[in-house]
Amino acid sequence: MNNEKAFIFTTDALLAVILSAFLIYATFSTLDRAAAFEDRTTPVQRVSEDALAAMEETGILARSLQETRTDEIRSVLGGLPSGMCAEVDIYANSSPVLSASRTGCSCADAQELTAARRSFVALNGSSQIEAHAEITGCYD
Amino acid sequence: MFPHSRAKGQLFSEDLLFAMIFVTFLLALYAILASRVTYAADDYLLREQLRGDAQDAAAQLVGSPGAPMNWHQAQVNDSMQSLGLAGRRGVLSQEKAAKFFSLAADSDEYNSTKRLLGLETRAERFNATLSLLNGTVVYSLNATPSSQFPSYGQTNITSTVTRLAVLNGSIVKLTLVVWLE
């Protein structure tokens with residue numbers, strides 16, 4: 001009777017060892033990557049509300065509506081946190097009048113859109129226009 | 001009764017040896033992975049807390065006048081509860097902004113400023129800049145990470161918050177950076 005032992009070493013076993021080693025390596029590298037972190041994303045809702053409040057306070061919204069121009073709004077949108085896209089729409093009597101968006105980016109493919117709205121009054125000669133501005137924003 | 005019936009022996013084979021090595025390896029791997037996962041979970045929690053602290057501090061600066069409301073006219077002391085730059089909501093007071101940046105730039109008052117912003121619990125450090133939309137800096141601090149961390153991105157955790165407000169009729173951007181070393 002032959003008492004000698006032997007190992008069975010197949011390609012299946014080899015592949016399993018390689019796969020296990022890869023999974024272990026991937027797990028460790030993923031966990032290590034979480035160690036250093038830099039967050040630069042201020043919530044879109046807060047920044048949007050800030051932008052509308054600041055534009056109303058400085059008269060930009062009313063002036064843009066009165067003079068039908070968007071350069072000042074675009075200037076404010078340009079100062080939003082990097083990576084944030086936004087579009088401002090101004091409605092007078094529920095009809096869209098003006099629209100301006102930050103140049104160089106778009107929320108078309110965004111998974112999450114946030115909107116903020118603010119009502120304001122603008123003068124048109126001696127009459128008042130009731131208007132509201134809506135800002136929709138996202139991180140691209 | 002047979003004379004050798006109480007004799008004992010040990011069964012020790014190569015199979016058993018390999019099995020023990022394999023089980024030991026699995027246990028060690030489990031222990032290492034479990035500690036790494038615990039560390040990552042703690043790190044995530046800390047990151048969220050830091051993010052919350054930074055958001056709250058920025059909201060406090062932009063949205064509140066501070067307590068007491070005339071804090072900028074007094075010396076920093078224990079009766080001071082919080083710092084805020086708002087004259088009214090969304091509009092910053094020039095005097096309060098100037099006082100805040102001068103206090104924070106003073107190394108003796110930096111920690112008091114940190115406490116009054118609610119940034120003391122996790123030993124965070126902070127930097128702040130108030131600039132116009134065209135990039136012109138109105139006020140700034142020069143607090144930076146210590147030399148072992150060459151940039152914010154290389155500190156353990158950094159959170160940057162940007163808020164917009166109005167100062168002297170112009171829209172300004174408050175950038176608050178909070179980090180852990």
# chains A, B, ... in the order shown; residues from 1 in each chain; ligands from 1
>>> interface_residues(of="chain B", to="chain A", cutoff="7 Å", atoms="only C-alpha atoms", output="PyMOL selection string")
chain B and resi 36-37+40+43+90+133+153-166+169-171
>>> closest_residue(among="B:Val76, B:Leu61, B:Ala86, B:Leu17", to="B:Asp108", atoms="only C-alpha atoms")
B:Val76
>>> select_by_dssp(residues="stretch 56-151 of chain B", states="helix (DSSP H, G or I)", output="NGL selection string")
:B and (56-63 or 71-73 or 94-105 or 110-116)
>>> write_last_selection(atoms="N, CA and C atoms", output="mmCIF file, in the first residue's frame")
data_model
loop_
_atom_site.group_PDB
_atom_site.id
_atom_site.type_symbol
_atom_site.label_atom_id
_atom_site.label_comp_id
_atom_site.auth_asym_id
_atom_site.auth_seq_id
_atom_site.Cartn_x
_atom_site.Cartn_y
_atom_site.Cartn_z
ATOM 1 N N ASP B 56 -22.304 75.081 10.253
ATOM 2 C CA ASP B 56 -22.934 75.841 11.338
ATOM 3 C C ASP B 56 -22.165 77.130 11.628
ATOM 4 N N ALA B 57 -20.828 77.019 11.631
ATOM 5 C CA ALA B 57 -20.014 78.209 11.915
ATOM 6 C C ALA B 57 -20.215 79.268 10.831
ATOM 7 N N ALA B 58 -20.259 78.839 9.565
ATOM 8 C CA ALA B 58 -20.460 79.800 8.467
ATOM 9 C C ALA B 58 -21.854 80.414 8.541
ATOM 10 N N ALA B 59 -22.845 79.568 8.851
ATOM 11 C CA ALA B 59 -24.226 80.079 8.966
ATOM 12 C C ALA B 59 -24.321 81.082 10.103
ATOM 13 N N GLN B 60 -23.617 80.788 11.187
ATOM 14 C CA GLN B 60 -23.615 81.695 12.338
ATOM 15 C C GLN B 60 -22.986 83.040 11.960
ATOM 16 N N LEU B 61 -21.875 82.987 11.234
ATOM 17 C CA LEU B 61 -21.194 84.225 10.864
ATOM 18 C C LEU B 61 -22.054 85.090 9.942
ATOM 19 N N VAL B 62 -22.656 84.452 8.945
ATOM 20 C CA VAL B 62 -23.410 85.210 7.940
ATOM 21 C C VAL B 62 -24.808 85.575 8.434
ATOM 22 N N GLY B 63 -25.408 84.692 9.218
ATOM 23 C CA GLY B 63 -26.829 84.858 9.527
ATOM 24 C C GLY B 63 -27.154 85.430 10.891
ATOM 25 N N TRP B 71 -21.060 92.618 20.507
ATOM 26 C CA TRP B 71 -19.828 91.940 20.923
ATOM 27 C C TRP B 71 -18.582 92.625 20.364
ATOM 28 N N HIS B 72 -18.719 93.269 19.221
ATOM 29 C CA HIS B 72 -17.547 93.862 18.576
ATOM 30 C C HIS B 72 -17.050 95.114 19.301
ATOM 31 N N GLN B 73 -17.867 95.587 20.251
ATOM 32 C CA GLN B 73 -17.444 96.787 20.993
ATOM 33 C C GLN B 73 -16.833 96.428 22.340
ATOM 34 N N GLN B 94 -19.796 96.123 8.689
ATOM 35 C CA GLN B 94 -18.376 96.404 8.433
ATOM 36 C C GLN B 94 -17.562 96.320 9.728
ATOM 37 N N GLU B 95 -18.120 96.887 10.806
ATOM 38 C CA GLU B 95 -17.397 96.918 12.090
ATOM 39 C C GLU B 95 -17.199 95.507 12.625
ATOM 40 N N LYS B 96 -18.248 94.697 12.538
ATOM 41 C CA LYS B 96 -18.150 93.328 13.066
ATOM 42 C C LYS B 96 -17.171 92.501 12.234
ATOM 43 N N ALA B 97 -17.210 92.687 10.921
ATOM 44 C CA ALA B 97 -16.292 91.921 10.057
ATOM 45 C C ALA B 97 -14.841 92.298 10.381
ATOM 46 N N ALA B 98 -14.595 93.602 10.515
ATOM 47 C CA ALA B 98 -13.238 94.059 10.813
ATOM 48 C C ALA B 98 -12.772 93.500 12.160
ATOM 49 N N LYS B 99 -13.658 93.544 13.160
ATOM 50 C CA LYS B 99 -13.303 93.064 14.493
ATOM 51 C C LYS B 99 -13.046 91.550 14.484
ATOM 52 N N PHE B 100 -13.905 90.835 13.777
ATOM 53 C CA PHE B 100 -13.746 89.372 13.743
ATOM 54 C C PHE B 100 -12.393 88.986 13.138
ATOM 55 N N PHE B 101 -12.049 89.591 12.023
ATOM 56 C CA PHE B 101 -10.792 89.202 11.381
ATOM 57 C C PHE B 101 -9.579 89.673 12.193
ATOM 58 N N SER B 102 -9.718 90.797 12.884
ATOM 59 C CA SER B 102 -8.574 91.218 13.705
ATOM 60 C C SER B 102 -8.427 90.319 14.936
ATOM 61 N N LEU B 103 -9.565 89.884 15.502
ATOM 62 C CA LEU B 103 -9.502 88.963 16.651
ATOM 63 C C LEU B 103 -8.878 87.631 16.243
ATOM 64 N N ALA B 104 -9.374 87.088 15.132
ATOM 65 C CA ALA B 104 -8.912 85.762 14.715
ATOM 66 C C ALA B 104 -7.445 85.773 14.299
ATOM 67 N N ALA B 105 -6.978 86.942 13.817
ATOM 68 C CA ALA B 105 -5.574 87.029 13.396
ATOM 69 C C ALA B 105 -4.634 87.125 14.594
ATOM 70 N N TYR B 110 -7.106 83.589 18.923
ATOM 71 C CA TYR B 110 -7.547 82.625 17.902
ATOM 72 C C TYR B 110 -8.406 81.518 18.521
ATOM 73 N N ASN B 111 -7.947 80.990 19.650
ATOM 74 C CA ASN B 111 -8.696 79.896 20.293
ATOM 75 C C ASN B 111 -10.041 80.364 20.838
ATOM 76 N N SER B 112 -10.081 81.607 21.335
ATOM 77 C CA SER B 112 -11.362 82.147 21.815
ATOM 78 C C SER B 112 -12.321 82.297 20.636
ATOM 79 N N THR B 113 -11.802 82.783 19.529
ATOM 80 C CA THR B 113 -12.627 82.938 18.323
ATOM 81 C C THR B 113 -13.176 81.592 17.884
ATOM 82 N N LYS B 114 -12.301 80.602 17.946
ATOM 83 C CA LYS B 114 -12.699 79.237 17.564
ATOM 84 C C LYS B 114 -13.829 78.742 18.472
ATOM 85 N N ARG B 115 -13.667 78.973 19.762
ATOM 86 C CA ARG B 115 -14.701 78.545 20.721
ATOM 87 C C ARG B 115 -16.022 79.244 20.429
ATOM 88 N N LEU B 116 -15.963 80.541 20.125
ATOM 89 C CA LEU B 116 -17.188 81.309 19.895
ATOM 90 C C LEU B 116 -17.845 80.959 18.564
#
>>> select_by_dssp(residues="stretch 12-111 of chain B", states="strand (DSSP E or B)", output="PyMOL selection string")
chain B and resi 66-67+82-83+86-88+91-92
>>> write_last_selection(atoms="all heavy atoms", output="short mmCIF file (atom, residue, chain, number, x, y, z; two decimals), in the first residue's frame")
data_model
loop_
_atom_site.label_atom_id
_atom_site.label_comp_id
_atom_site.auth_asym_id
_atom_site.auth_seq_id
_atom_site.Cartn_x
_atom_site.Cartn_y
_atom_site.Cartn_z
N GLY B 66 -24.53 87.72 16.41
CA GLY B 66 -23.68 87.35 17.54
C GLY B 66 -24.39 87.63 18.85
O GLY B 66 -25.45 88.26 18.89
N ALA B 67 -23.84 87.11 19.93
CA ALA B 67 -24.44 87.34 21.25
C ALA B 67 -23.33 87.65 22.25
O ALA B 67 -22.42 86.83 22.42
CB ALA B 67 -25.23 86.09 21.68
N SER B 82 -21.39 84.09 21.33
CA SER B 82 -21.15 83.68 19.94
C SER B 82 -20.77 84.89 19.10
O SER B 82 -21.05 86.03 19.48
CB SER B 82 -22.39 83.01 19.35
OG SER B 82 -23.41 83.96 19.16
N LEU B 83 -20.12 84.62 17.98
CA LEU B 83 -19.73 85.68 17.07
C LEU B 83 -20.63 85.63 15.84
O LEU B 83 -20.94 84.54 15.35
CB LEU B 83 -18.28 85.50 16.62
CG LEU B 83 -17.21 85.55 17.70
CD1 LEU B 83 -15.84 85.35 17.07
CD2 LEU B 83 -17.25 86.87 18.44
N ALA B 86 -23.53 89.55 11.02
CA ALA B 86 -24.69 90.16 10.37
C ALA B 86 -25.16 91.40 11.13
O ALA B 86 -25.33 91.37 12.34
CB ALA B 86 -25.82 89.15 10.29
N GLY B 87 -25.36 92.49 10.37
CA GLY B 87 -26.04 93.65 10.92
C GLY B 87 -27.53 93.32 10.91
O GLY B 87 -28.24 93.47 11.88
N ARG B 88 -27.98 92.85 9.75
CA ARG B 88 -29.27 92.20 9.65
C ARG B 88 -29.07 91.01 8.73
O ARG B 88 -28.01 90.84 8.14
CB ARG B 88 -30.36 93.15 9.14
CG ARG B 88 -30.10 93.75 7.78
CD ARG B 88 -31.28 94.65 7.41
NE ARG B 88 -31.37 94.88 6.00
CZ ARG B 88 -30.69 95.80 5.35
NH1 ARG B 88 -29.82 96.57 6.00
NH2 ARG B 88 -30.83 95.96 4.06
N VAL B 91 -26.86 90.69 5.51
CA VAL B 91 -26.08 91.93 5.31
C VAL B 91 -25.08 92.04 6.45
O VAL B 91 -25.45 92.09 7.62
CB VAL B 91 -27.01 93.16 5.29
CG1 VAL B 91 -26.19 94.43 5.08
CG2 VAL B 91 -28.05 93.03 4.20
N LEU B 92 -23.82 92.07 6.09
CA LEU B 92 -22.78 92.07 7.12
C LEU B 92 -22.47 93.48 7.60
O LEU B 92 -22.56 94.44 6.84
CB LEU B 92 -21.50 91.42 6.57
CG LEU B 92 -21.65 90.02 5.96
CD1 LEU B 92 -20.28 89.48 5.57
CD2 LEU B 92 -22.34 89.07 6.93
#
>>> atom_distance(atom1="atom CA of B:Ser93", atom2="atom CA of A:Leu61")
22.2 Å
>>> atom_distance(atom1="atom CA of A:Cys138", atom2="atom CA of B:Gly135")
22.2 Å
